Each structure stands twice: as C-alpha cells, then as structure tokens.
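Engineer: Coordinates in run.cif, mmCIF, C-alpha atoms, are listed below.
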```cif
data_my_file
loop_
_atom_site.label_atom_id
_atom_site.label_comp_id
_atom_site.auth_asym_id
_atom_site.auth_seq_id
_atom_site.Cartn_x
_atom_site.Cartn_y
_atom_site.Cartn_z
CA MET M 1 120.10 60.59 98.18
CA ILE M 2 116.63 59.45 97.04
CA GLU M 3 115.58 58.49 100.56
CA GLN M 4 116.86 61.80 101.89
CA ALA M 5 114.92 63.66 99.19
CA LEU M 6 111.72 61.82 100.06
CA GLU M 7 112.25 62.54 103.75
CA GLU M 8 112.63 66.27 103.04
CA ILE M 9 109.55 66.27 100.82
CA GLY M 10 107.54 64.52 103.54
CA ARG M 11 108.62 66.94 106.28
CA GLY M 12 105.67 68.60 108.01
CA VAL M 13 103.17 67.20 105.49
CA ALA M 14 99.62 66.68 106.76
CA GLU M 15 98.35 64.26 104.10
CA VAL M 16 99.39 62.79 100.75
CA ILE M 17 97.22 61.21 98.09
CA ASP M 18 99.22 58.81 95.89
CA ILE M 19 102.59 58.89 97.64
CA GLU M 20 103.71 56.11 95.28
CA ARG M 21 103.52 58.49 92.34
CA ILE M 22 105.62 61.11 94.13
CA GLU M 23 108.22 58.48 95.02
CA HIS M 24 108.29 57.28 91.40
CA LEU M 25 108.78 60.82 90.05
CA VAL M 26 111.63 61.54 92.46
CA ARG M 27 113.35 58.21 91.81
CA THR M 28 113.04 58.72 88.05
CA TYR M 29 114.64 62.13 88.36
CA TYR M 30 117.63 60.77 90.26
CA THR M 31 118.06 57.70 88.03
CA GLU M 32 117.21 59.16 84.60
CA GLY M 33 117.33 62.95 85.06
CA THR M 34 113.66 63.39 84.07
CA THR M 35 111.99 66.38 85.72
CA TYR M 36 108.32 66.59 86.74
CA THR M 37 105.81 69.38 87.38
CA VAL M 38 104.44 70.59 90.70
CA LYS M 39 101.47 72.96 90.64
CA ALA M 40 100.49 75.42 93.34
CA GLY M 41 97.80 78.03 92.90
CA PHE M 42 97.54 81.42 94.53
CA ASP M 43 94.52 83.65 94.07
CA PRO M 44 95.75 87.26 94.27
CA THR M 45 93.04 88.39 96.69
CA GLY M 46 95.56 90.30 98.83
CA ALA M 47 98.67 92.31 98.07
CA ASP M 48 101.19 90.84 100.49
CA LEU M 49 102.31 87.39 101.55
CA HIS M 50 102.83 86.31 105.16
CA LEU M 51 104.62 83.35 106.71
CA GLY M 52 101.49 81.22 106.39
CA HIS M 53 101.81 81.46 102.61
CA THR M 54 105.48 80.53 102.75
CA VAL M 55 104.72 77.07 104.17
CA LEU M 56 103.68 76.09 100.65
CA LEU M 57 106.49 78.06 99.04
CA GLN M 58 109.07 76.28 101.21
CA LYS M 59 107.68 72.93 100.11
CA LEU M 60 107.82 74.03 96.48
CA LYS M 61 111.45 74.97 96.98
CA THR M 62 112.10 71.48 98.37
CA PHE M 63 110.61 69.95 95.22
CA GLN M 64 112.82 72.24 93.12
CA ASN M 65 115.84 70.86 94.95
CA HIS M 66 114.82 67.35 93.89
CA GLY M 67 113.84 67.63 90.23
CA GLY M 68 110.54 69.47 90.37
CA ARG M 69 109.63 72.27 88.00
CA ILE M 70 107.11 74.55 89.64
CA GLN M 71 103.91 75.68 87.94
CA LEU M 72 103.14 78.79 89.97
CA LEU M 73 99.56 79.46 89.03
CA ILE M 74 98.22 82.96 89.58
CA GLY M 75 94.44 82.63 89.70
CA ASP M 76 93.59 85.94 88.11
CA PHE M 77 90.39 84.41 86.67
CA THR M 78 89.33 82.40 89.73
CA ALA M 79 90.01 85.41 91.97
CA THR M 80 87.04 87.10 90.29
CA ILE M 81 84.87 84.37 91.83
CA GLY M 82 86.63 84.00 95.15
CA ASP M 83 87.53 80.67 96.74
CA PRO M 84 84.55 79.58 98.89
CA THR M 85 86.78 77.43 101.12
CA GLY M 86 85.86 78.03 104.75
CA LYS M 87 83.53 80.90 103.87
CA SER M 88 80.08 81.26 105.40
CA ALA M 89 78.94 83.71 102.71
CA THR M 90 79.63 84.47 99.05
CA ARG M 91 82.85 86.45 98.72
CA LYS M 92 83.04 89.95 97.34
CA VAL M 93 84.12 90.07 93.68
CA LEU M 94 87.46 91.82 93.11
CA ASP M 95 87.95 94.23 90.23
CA ALA M 96 90.49 93.52 87.48
CA GLN M 97 92.80 96.37 88.49
CA THR M 98 93.12 95.11 92.08
CA ILE M 99 93.75 91.56 90.90
CA ALA M 100 96.46 92.71 88.47
CA HIS M 101 98.18 94.76 91.18
CA ASN M 102 98.10 91.90 93.68
CA ALA M 103 99.35 89.39 91.11
CA LYS M 104 102.36 91.58 90.32
CA THR M 105 103.15 91.91 94.02
CA TYR M 106 102.93 88.14 94.51
CA GLN M 107 105.47 87.53 91.76
CA GLU M 108 107.89 90.02 93.27
CA GLN M 109 107.68 88.30 96.66
CA VAL M 110 107.70 84.57 95.86
CA PHE M 111 111.20 84.65 94.39
CA ASN M 112 112.56 85.44 97.83
CA ILE M 113 112.12 81.69 98.27
CA LEU M 114 111.71 80.00 94.88
CA ASP M 115 114.32 79.52 92.17
CA GLU M 116 113.04 81.66 89.30
CA GLU M 117 114.79 79.52 86.66
CA LYS M 118 112.87 76.45 87.84
CA THR M 119 109.51 78.22 88.05
CA GLU M 120 106.92 78.80 85.36
CA VAL M 121 104.45 81.54 86.27
CA VAL M 122 101.08 80.99 84.61
CA TYR M 123 97.77 82.86 84.72
CA ASN M 124 94.59 80.82 84.48
CA SER M 125 92.74 83.59 82.65
CA LYS M 126 94.74 82.50 79.59
CA TRP M 127 92.71 79.31 79.14
CA LEU M 128 89.61 80.01 81.27
CA ASP M 129 88.76 83.13 79.26
CA ALA M 130 89.06 81.01 76.12
CA LEU M 131 86.95 78.17 77.54
CA GLY M 132 83.75 79.94 76.50
CA ALA M 133 80.14 79.15 77.34
CA GLY M 134 80.23 75.78 75.61
CA GLY M 135 83.38 74.69 77.38
CA MET M 136 82.03 75.87 80.73
CA VAL M 137 78.82 73.88 80.28
CA ALA M 138 80.84 70.81 79.30
CA LEU M 139 82.93 71.27 82.44
CA THR M 140 79.84 71.29 84.66
CA THR M 141 78.76 67.90 83.28
CA THR M 142 81.79 66.22 84.86
CA PHE M 143 80.48 66.60 88.42
CA ASN M 144 77.04 66.51 90.04
CA VAL M 145 75.35 68.76 92.60
CA ALA M 146 74.98 66.00 95.21
CA ARG M 147 78.73 65.44 95.30
CA MET M 148 79.41 69.18 95.34
CA LEU M 149 77.20 69.49 98.42
CA GLU M 150 79.34 66.87 100.17
CA ARG M 151 81.95 69.58 100.47
CA ASP M 152 82.00 70.58 104.13
CA ASP M 153 81.52 74.35 103.82
CA PHE M 154 78.82 73.98 101.15
CA GLU M 155 77.00 71.40 103.25
CA LYS M 156 76.99 73.64 106.32
CA ARG M 157 75.74 76.63 104.36
CA TYR M 158 73.06 74.60 102.59
CA LYS M 159 71.73 73.10 105.82
CA GLY M 160 71.87 76.50 107.48
CA GLY M 161 69.84 78.11 104.74
CA GLU M 162 72.75 80.31 103.66
CA SER M 163 73.10 81.42 100.06
CA ILE M 164 75.48 79.55 97.72
CA SER M 165 76.00 81.10 94.31
CA ILE M 166 76.36 78.94 91.19
CA SER M 167 79.71 80.65 90.58
CA GLU M 168 81.02 79.13 93.82
CA PHE M 169 80.15 75.65 92.53
CA LEU M 170 82.28 76.51 89.52
CA TYR M 171 85.35 77.40 91.60
CA PRO M 172 86.60 73.85 92.38
CA LEU M 173 85.81 72.81 88.81
CA LEU M 174 87.89 75.66 87.42
CA GLN M 175 90.78 74.92 89.81
CA GLY M 176 90.66 71.29 88.71
CA TYR M 177 90.54 72.30 85.06
CA ASP M 178 93.80 74.19 85.59
CA SER M 179 95.42 70.80 86.27
CA VAL M 180 93.94 69.45 83.04
CA VAL M 181 95.50 72.25 80.97
CA LEU M 182 98.84 72.16 82.80
CA LYS M 183 98.99 68.33 82.92
CA SER M 184 100.40 68.65 86.44
CA ASP M 185 102.15 65.69 88.03
CA ILE M 186 101.68 66.91 91.61
CA GLU M 187 99.57 69.65 93.16
CA ILE M 188 100.13 71.00 96.64
CA GLY M 189 97.93 73.12 98.90
CA GLY M 190 96.67 73.52 102.44
CA THR M 191 94.54 70.91 104.20
CA ASP M 192 91.53 73.20 103.75
CA GLN M 193 91.93 72.79 99.97
CA LYS M 194 91.48 69.00 99.86
CA PHE M 195 88.21 69.06 97.91
CA ASN M 196 89.64 71.40 95.27
CA LEU M 197 92.91 69.48 95.00
CA LEU M 198 91.15 66.15 94.48
CA MET M 199 89.03 67.79 91.78
CA GLY M 200 92.22 68.07 89.73
CA ARG M 201 92.68 64.29 89.85
CA HIS M 202 89.03 63.75 88.93
CA LEU M 203 89.10 66.09 85.95
CA GLN M 204 92.44 64.82 84.62
CA ARG M 205 90.77 61.40 84.51
CA ALA M 206 87.54 62.78 83.01
CA TYR M 207 89.38 64.66 80.24
CA GLY M 208 91.71 61.75 79.44
CA VAL M 209 94.95 63.53 80.31
CA GLY M 210 96.68 60.17 80.77
CA LYS M 211 97.73 60.82 84.36
CA GLU M 212 96.25 61.68 87.74
CA GLN M 213 98.15 64.20 89.79
CA ALA M 214 99.38 63.25 93.21
CA VAL M 215 98.16 65.58 95.96
CA LEU M 216 100.23 66.83 98.86
CA MET M 217 98.62 68.87 101.64
CA MET M 218 100.39 71.07 104.15
CA PRO M 219 98.97 72.02 107.56
CA ILE M 220 97.66 75.52 108.15
CA LEU M 221 100.20 77.61 110.09
CA GLU M 222 98.92 79.08 113.33
CA GLY M 223 99.33 82.79 113.86
CA LEU M 224 101.17 84.54 116.66
CA ASP M 225 98.36 83.66 119.09
CA GLY M 226 99.02 79.96 118.55
CA VAL M 227 95.29 79.28 118.08
CA GLN M 228 93.82 80.84 114.94
CA LYS M 229 95.37 80.37 111.50
CA MET M 230 97.78 83.12 110.48
CA SER M 231 95.73 85.90 108.91
CA LYS M 232 96.07 89.61 108.24
CA SER M 233 92.42 90.11 109.18
CA LEU M 234 93.11 88.60 112.61
CA ASP M 235 96.30 90.67 113.00
CA ASN M 236 98.26 87.59 114.10
CA TYR M 237 100.60 87.44 111.13
CA ILE M 238 104.21 88.09 110.17
CA GLY M 239 104.39 89.63 106.71
CA ILE M 240 107.42 88.80 104.60
CA THR M 241 107.74 92.45 103.51
CA GLU M 242 107.57 93.86 107.04
CA ALA M 243 110.59 95.70 108.40
CA PRO M 244 113.38 93.38 109.64
CA LYS M 245 112.96 94.60 113.21
CA ASP M 246 109.24 93.74 113.11
CA ILE M 247 109.78 90.25 111.70
CA TYR M 248 112.40 89.66 114.38
CA ALA M 249 110.31 91.02 117.27
CA LYS M 250 107.14 89.24 116.22
CA THR M 251 108.97 85.92 115.93
CA LEU M 252 110.30 86.32 119.45
CA SER M 253 106.75 86.93 120.69
CA ILE M 254 105.52 83.41 119.87
CA SER M 255 105.24 80.82 122.64
CA ASP M 256 107.94 78.24 123.32
CA VAL M 257 105.51 75.52 122.22
CA LEU M 258 104.60 77.22 118.94
CA MET M 259 108.28 77.81 118.25
CA TRP M 260 108.80 74.13 117.32
CA ARG M 261 105.87 74.22 114.92
CA TYR M 262 107.43 77.21 113.17
CA TYR M 263 110.80 75.44 113.03
CA GLU M 264 109.27 72.38 111.39
CA LEU M 265 107.26 74.28 108.79
CA LEU M 266 109.43 77.36 108.14
CA SER M 267 113.06 76.65 108.98
CA THR M 268 115.57 75.18 106.55
CA GLN M 269 117.38 73.42 109.39
CA SER M 270 117.31 69.62 109.21
CA LEU M 271 114.84 67.62 111.28
CA GLU M 272 117.80 66.06 113.08
CA ALA M 273 119.16 69.48 114.07
CA ILE M 274 115.73 70.59 115.30
CA ALA M 275 115.32 67.36 117.31
CA THR M 276 118.73 67.92 118.92
CA MET M 277 117.80 71.49 119.89
CA ARG M 278 114.56 70.27 121.39
CA GLU M 279 116.34 67.64 123.46
CA GLU M 280 118.79 70.25 124.73
CA VAL M 281 115.97 72.63 125.67
CA GLU M 282 114.13 69.86 127.52
CA ALA M 283 117.37 68.91 129.30
CA GLY M 284 117.91 72.54 130.36
CA SER M 285 121.24 72.90 128.57
CA LEU M 286 119.84 75.29 125.95
CA HIS M 287 117.55 78.24 126.67
CA PRO M 288 114.42 78.36 124.46
CA LYS M 289 114.93 82.11 123.95
CA VAL M 290 118.23 81.42 122.19
CA VAL M 291 116.52 78.91 119.92
CA LYS M 292 113.80 81.44 119.15
CA GLU M 293 116.37 84.15 118.44
CA ASN M 294 118.06 81.86 115.92
CA LEU M 295 114.74 81.27 114.17
CA ALA M 296 114.06 85.02 114.06
CA LEU M 297 117.52 85.64 112.57
CA GLU M 298 116.96 82.94 109.94
CA LEU M 299 113.63 84.41 108.85
CA VAL M 300 114.92 87.98 108.58
CA GLU M 301 117.95 86.82 106.61
CA ARG M 302 115.72 84.86 104.22
CA PHE M 303 113.67 87.90 103.25
CA TYR M 304 116.48 90.46 103.56
CA ASP M 305 120.12 89.60 104.27
CA THR M 306 122.57 88.85 107.07
CA GLU M 307 123.24 92.51 107.77
CA ALA M 308 119.52 93.17 108.23
CA SER M 309 119.11 90.21 110.59
CA VAL M 310 122.05 91.31 112.74
CA GLY M 311 120.69 94.86 112.80
CA ALA M 312 117.22 93.66 113.79
CA LYS M 313 118.65 91.70 116.71
CA ALA M 314 120.73 94.68 117.85
CA GLU M 315 117.69 96.93 117.66
CA PHE M 316 115.59 94.46 119.64
CA ASP M 317 118.26 94.04 122.31
CA ASN M 318 118.66 97.80 122.53
CA VAL M 319 114.96 98.42 123.09
CA PHE M 320 113.90 95.44 125.16
CA LYS M 321 116.98 94.39 127.07
CA SER M 322 118.39 97.85 127.77
CA ASN M 323 114.95 99.48 128.06
CA GLN M 324 115.94 102.09 125.47
CA LEU M 325 113.85 103.61 122.72
CA PRO M 326 114.00 102.35 119.12
CA SER M 327 116.25 104.31 116.79
CA ASP M 328 113.42 104.94 114.35
CA MET M 329 109.70 105.30 114.92
CA PRO M 330 106.79 106.96 113.13
CA GLU M 331 106.23 110.65 113.81
CA VAL M 332 102.86 112.43 113.71
CA SER M 333 101.61 115.90 114.58
CA ALA M 334 98.52 116.76 116.59
CA LYS M 335 96.70 119.80 117.89
CA ALA M 336 96.96 120.90 121.51
CA GLY M 337 94.50 119.08 123.76
CA VAL M 338 94.32 115.97 121.58
CA TRP M 339 92.72 113.01 123.35
CA ILE M 340 95.28 110.31 124.18
CA CYS M 341 93.21 107.56 122.53
CA LYS M 342 92.89 109.54 119.30
CA ALA M 343 96.62 110.30 119.34
CA LEU M 344 97.37 106.58 119.62
CA VAL M 345 95.13 105.80 116.65
CA ASP M 346 96.48 108.68 114.54
CA ALA M 347 100.01 107.45 115.28
CA GLY M 348 99.10 104.04 113.88
CA ILE M 349 99.86 102.05 117.02
CA GLU M 350 96.25 101.37 117.99
CA PRO M 351 93.53 100.17 115.60
CA SER M 352 90.71 102.07 117.33
CA THR M 353 90.01 104.40 120.25
CA SER M 354 88.03 101.65 121.97
CA GLN M 355 91.05 99.33 121.82
CA ALA M 356 93.24 102.19 123.06
CA ARG M 357 90.95 102.64 126.07
CA ARG M 358 91.10 98.93 126.86
CA ASP M 359 94.89 98.92 126.64
CA ILE M 360 95.13 101.94 128.95
CA LYS M 361 92.94 100.17 131.50
CA GLN M 362 95.20 97.11 131.26
CA GLY M 363 98.35 99.18 131.79
CA ALA M 364 99.74 98.54 128.31
CA VAL M 365 100.12 102.20 127.28
CA ARG M 366 103.04 104.44 128.23
CA ILE M 367 103.95 108.06 127.60
CA ASP M 368 107.66 108.77 127.80
CA GLN M 369 108.07 105.28 129.34
CA GLU M 370 105.61 106.05 132.17
CA LYS M 371 102.36 104.08 132.41
CA VAL M 372 99.15 105.91 131.58
CA SER M 373 96.10 105.24 133.73
CA ASP M 374 93.80 108.11 132.69
CA GLU M 375 91.89 107.09 129.53
CA LYS M 376 90.46 110.65 129.28
CA LEU M 377 93.87 112.32 129.23
CA ASN M 378 94.42 115.23 126.80
CA LEU M 379 97.93 116.03 125.61
CA GLU M 380 99.16 119.60 125.88
CA VAL M 381 101.83 121.27 123.71
CA GLY M 382 105.07 119.27 123.58
CA GLU M 383 106.71 116.12 122.20
CA TYR M 384 105.76 112.70 123.51
CA ILE M 385 106.89 109.12 122.96
CA LEU M 386 103.78 106.93 122.92
CA GLN M 387 104.13 103.21 123.48
CA VAL M 388 101.70 100.28 123.35
CA GLY M 389 102.97 97.00 124.72
CA LYS M 390 106.60 96.13 124.05
CA ARG M 391 106.79 96.62 120.29
CA LYS M 392 104.75 99.65 119.23
CA PHE M 393 106.24 103.14 119.48
CA ALA M 394 105.46 106.54 117.97
CA LYS M 395 106.58 110.12 118.48
CA VAL M 396 103.78 112.69 118.67
CA LYS M 397 104.41 116.40 118.33
CA VAL M 398 101.57 118.38 119.88
CA GLY M 399 101.35 122.05 119.02
#
```
So that I can check it, write out the structure of this file as structure tokens.

Structural biologist:
Amino acid sequence: MIEQALEEIGRGVAEVIDIERIEHLVRTYYTEGTTYTVKAGFDPTGADLHLGHTVLLQKLKTFQNHGGRIQLLIGDFTATIGDPTGKSATRKVLDAQTIAHNAKTYQEQVFNILDEEKTEVVYNSKWLDALGAGGMVALTTTFNVARMLERDDFEKRYKGGESISISEFLYPLLQGYDSVVLKSDIEIGGTDQKFNLLMGRHLQRAYGVGKEQAVLMMPILEGLDGVQKMSKSLDNYIGITEAPKDIYAKTLSISDVLMWRYYELLSTQSLEAIATMREEVEAGSLHPKVVKENLALELVERFYDTEASVGAKAEFDNVFKSNQLPSDMPEVSAKAGVWICKALVDAGIEPSTSQARRDIKQGAVRIDQEKVSDEKLNLEVGEYILQVGKRKFAKVKVG
C-alpha cells in the first residue's frame, strides 16, 4: 500500500525537493497512523478556478487519501502585493472587497475536489497583519538583495531596466513566512513557483522551526491551444463552473496529443489504465475520440454529477453529429439594420467587431446555418440564429 501511495503522489510531478521526507511521512502514516500537513497557497486574484488550478487540487486530494491534512492558504494579504512570478511589470493592487469576494468563491469551488473534513482553510492576513513593522524588518534580514536578484523574472527585469518595487521583494519572503507560522511538512505549487517554495524551507531553518518542508512541484497545464499555459486572459481555459455542455465541448476540442497530458494531470484513472488506452489507440483498436469523450464525461461528472455529464454528451451529439441547434442559447434583441459584427459582439459570441470580421473572412460565421461572407452585412427585421465556429450560438431578434 505504501509503494502504491508513493506512486500516486509522484504521478505527473515535475520536481521534488527532499523526496526522502515525503516518503518518511507517508510510511509513518501507514505504520503509526500519524498525519502530516501539506500546504498550498492560492492568491484570490480572480473569481473562478479553471482546470489549470485543479492540477494542484488533484494532488492535494491524493495526499488526503494517504494521510495528509491540507493547509489551504488563501493569500488575502499577499494578494494585495501580487505575485511577481513571470511578470514583466509590477502588478496592479487589488482592493480588499475584491479579494474578499474572490476568496469566498475559491472556498466554494475547491471542495468539488478536496475533502472538507481533511482541509484547514487559513488566511495569511491573520499573522501578516500582526507581524508589524518590526517583524517585517526582521524578516527582510533573512535574505539579501543579491540572492533575490537571482530569481529569473527579477533578473530579467533588472537587466532590462524595468521597475521592481520593494513590495515585490517582500512577496517570496511573506510566502515563506507562511510556512514558518503553519509549520508545514510539505508545500506544493507549480514549477514557476520554485523560488517562492524554496523560500519556505529557508525561512523554516532561519526561524528555528525544527523542520524543513519538502517541496513538490507540478507542471503548468497547457490550455486548449496546447501551447500557452491555461489562462482566462488567453481564452484557452476550461472553467470548473462553466456549463456542463461547455466543459464537455471544450474538452473534446483539445488535440489527440494533448489529451494524454490532460489524462495524466486531471483524470483519476490509474496510470496503468491510461497506458492501456494509449496502447489500444496506437494499435488502432480504440478510437481517440472515444477516449476523449470519456475524459470529458469524467470532468463534467466531477464538477456536477452523472446526469449532467450524460446530458452534456447528448447535447453535444445532437448539435455536432446531427447538425442540429442547441436546445438552449443566449437571446438578445437588436434594432433593424444592426451590423452583423456588432450583433455578434452584443450576443456575446465574439469578443470584438474586428475579431468578428476576421472570422467572417475565414468562413467561421453562419446565420441560420448558412455561411456569411459579407462582413458589412446589416440585419433586417426578423429572428436569426448566429453561429461562430462549432460551439458558439446565439439567437438575435431584430426589430
């Protein structure tokens, strides 16, 4: 059982610092029943979670299955600074009301995956507000500027003459100090967080905590394009609160190559089962579309239920296999003579009129299932079904 647990914990992992400590904690749990703590921090800089976030949440769930008690840290204090990781400029400061709203939303969503009874939700404002000026100055003495500038994004910005605020230097120190207060045994995060995660080990040693947390890093999940990391700003994401039919359809839109990456990082199926499916696909005895459909069903069921996943598949098959219209779509009203590009934007199925024009030129826009070629078209009085690509539909009433 111990070896199986360690194999599940190691699944999809990009890098581990102090694997011996993780193995010791897991073995001690199975031999003596002693639990251990696993910290993961989320700055509530956005309201909704997407599948990229769930890569960490899935790993936390795995630790819960094998003796880990999760310290789900909501960085309501650090969010006021903004994590400088990967940023080429100082981030905009969020107001307290936005942070509080986002933090509440995060909590509502994470328990779609995590076991609430094995999770402690903590806010770092509790101890960072109390740290005070003296404590903050003492914290800065534990690390020097030269080492801080070794951090990749800081180094690039410094050499490029870009501004770096002192508050951004504080961010990794504050994240590390969280591990001092929580006395975390393990901390997990993305590969882009390595500097911050190692800071926790450094500060636990500097403050004499009596332990140094192990660090486990997960790879960054690619978005639907298979190239850039999943991001709402890049519009290549699958949100966990999206409608079942959208989660299902978006999952089916990924490439056959990316599908295996999603299986490894998102599915609860065993590595052996995934390897068998891959062999069958390569041998031609199993169609990759079937494998992708099963993944889409699993994801919808995780965030909704079986009925929703079955309904999403039926809706998809109805629209895309039978070339029928979806049973529900947004409806908007417009005045007679409305420009087609504006109608597409007002209906919410195009982000801008310039993108609408490009899609019309590329043959991706349809009215009542007929391709549109005239980007200057004006719609007269009537009802129209507008469509962009295979997934976006809207009904427009012009009058």

Engineer: Please evaluate the PyMOL selection byres ((chain M and resi 334) around 9) against the structure above and give the resulting residues as a PyMOL selection string.

Structural biologist: chain M and resi 332-333+335-338+343+346+396-399

Engineer: Create the file for the chosen residues now, containing C-alpha atoms and written as an mmCIF file, keeping the file's coordinate frame.

Structural biologist:
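Generated output (result12.cif):
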```cif
data_model
loop_
_atom_site.group_PDB
_atom_site.id
_atom_site.type_symbol
_atom_site.label_atom_id
_atom_site.label_comp_id
_atom_site.auth_asym_id
_atom_site.auth_seq_id
_atom_site.Cartn_x
_atom_site.Cartn_y
_atom_site.Cartn_z
ATOM 1 C CA VAL M 332 102.860 112.430 113.710
ATOM 2 C CA SER M 333 101.610 115.900 114.580
ATOM 3 C CA LYS M 335 96.700 119.800 117.890
ATOM 4 C CA ALA M 336 96.960 120.900 121.510
ATOM 5 C CA GLY M 337 94.500 119.080 123.760
ATOM 6 C CA VAL M 338 94.320 115.970 121.580
ATOM 7 C CA ALA M 343 96.620 110.300 119.340
ATOM 8 C CA ASP M 346 96.480 108.680 114.540
ATOM 9 C CA VAL M 396 103.780 112.690 118.670
ATOM 10 C CA LYS M 397 104.410 116.400 118.330
ATOM 11 C CA VAL M 398 101.570 118.380 119.880
ATOM 12 C CA GLY M 399 101.350 122.050 119.020
#
```

Engineer: Measuring atom to atom with only C-alpha atoms, identify which of M:Gly239, M:Gly389, M:Gly189, M:Gly348 is nearest to Gly363 in chain M.

Structural biologist: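 Among the listed residues, the smallest separation from Gly363 in chain M belongs to M:Gly389.
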
Engineer: Rounded to one decimal place, report the CA of Ser267 in chain M-CA of Ile70 in chain M distance in Å.

Structural biologist: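 Answer for the CA of Ser267 in chain M to CA of Ile70 in chain M separation: 20.3 Å.
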
Engineer: I'd like the interatomic distance between CA of Gly132 in chain M and CA of Phe195 in chain M, to a tenth of an Å.

Structural biologist: 24.4 Å

Engineer: Using CA of His101 in chain M and CA of Leu216 in chain M as the two end points, give the distance in Å to one decimal.

Structural biologist: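 One can read the CA of His101 in chain M to CA of Leu216 in chain M distance as 29.0 Å.
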
Engineer: Per residue of range 181-232 of chain M within 10 Å of range 149-160 of chain M, note the shortest atom pair and the distance in Å to one decimal, counting all atoms listed in the file, and order the rows by chain and increasing residue number, as a tab-separated table.

Structural biologist:
```
residue	atom	partner	partner_atom	distance
M:Asp192	CA	M:Asp152	CA	9.9
M:Lys194	CA	M:Arg151	CA	9.6
M:Phe195	CA	M:Arg151	CA	6.8
M:Asn196	CA	M:Arg151	CA	9.5
```

Engineer: Restricted to C-alpha atoms, what would the selected residues look like written as a PDB file, in the frame of the given file?

Structural biologist:
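Output file result-v5.pdb follows:
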```
ATOM      1  CA  ASP M 192      91.530  73.200 103.750  1.00  0.00           C
ATOM      2  CA  LYS M 194      91.480  69.000  99.860  1.00  0.00           C
ATOM      3  CA  PHE M 195      88.210  69.060  97.910  1.00  0.00           C
ATOM      4  CA  ASN M 196      89.640  71.400  95.270  1.00  0.00           C
TER       5      ASN M 196
END
```

Engineer: Using only C-alpha atoms, can you tell me which of M:Leu197, M:Ile340, M:Met259, M:Val110 comes closest to Arg302 in chain M?

Structural biologist: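 When distances to Arg302 in chain M are compared using only C-alpha atoms, the smallest one comes from M:Val110.
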
Engineer: Name the residues that the PyMOL selection byres ((chain M and resi 109) around 9) picks from the file above, as a list in words, using the file's chain letters and numbers.

Structural biologist: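 Taken over the shown coordinates, the PyMOL selection byres ((chain M and resi 109) around 9) returns Asp48, Leu49, Lys104, Thr105, Tyr106, Gln107, Glu108, Val110, Phe111, Asn112, Ile113, Ile240, Thr241 and Phe303 of chain M.
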
Engineer: Can you find the residues with an atom no farther than 12 Å from (109.5, 109.2, 132.1), counting only C-alpha atoms, and report them as a list in words?

Structural biologist: Asn323, Gln324, Leu325, Arg366, Ile367, Asp368, Gln369, Glu370, Lys371, Val372, Tyr384, Ile385, Leu386 and Gln387 of chain M

Engineer: Let me make sure I understand: among M:Glu293, M:Gly311, M:Phe393, M:Asp95, which one has the smallest atom-to-atom distance to Pro326 in chain M if we use only C-alpha atoms?

Structural biologist: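 Ranked by minimum distance to Pro326 in chain M, first place goes to M:Phe393.
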
Engineer: Show me, as AutoDock Vina command-line options, the centre and edge lengths in Å to one decimal of the axis-aligned box that covers every listed atom of range 11-15 of chain M with 8 Å on each side.

Structural biologist:
```
--center_x 103.5 --center_y 66.4 --center_z 106.1 --size_x 26.3 --size_y 20.3 --size_z 19.9
```

Engineer: Check the smallest atom-to-atom distance from each of M:Ile9, M:Leu379, M:Val180, M:Met217 to Met199 in chain M using all atoms listed in the file, then report the winner.

Structural biologist: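 Selected residue with least distance to Met199 in chain M: M:Val180.
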
Engineer: Each residue of range 45-150 of chain M with at least one atom at most 12 Å from range 218-221 of chain M should appear once, together with its nearest atom pair and the corresponding distance in Å (one decimal); atoms considered: only C-alpha atoms; ordering: chain, then increasing residue number; output as a tab-separated table.

Structural biologist:
```
residue	atom	partner	partner_atom	distance
M:His50	CA	M:Leu221	CA	10.3
M:Leu51	CA	M:Leu221	CA	8.0
M:Gly52	CA	M:Leu221	CA	5.3
M:His53	CA	M:Leu221	CA	8.6
M:Thr54	CA	M:Leu221	CA	9.5
M:Val55	CA	M:Met218	CA	7.4
M:Leu56	CA	M:Met218	CA	6.9
M:Leu57	CA	M:Met218	CA	10.6
M:Gln58	CA	M:Met218	CA	10.5
M:Lys59	CA	M:Met218	CA	8.5
M:Leu60	CA	M:Met218	CA	11.1
```
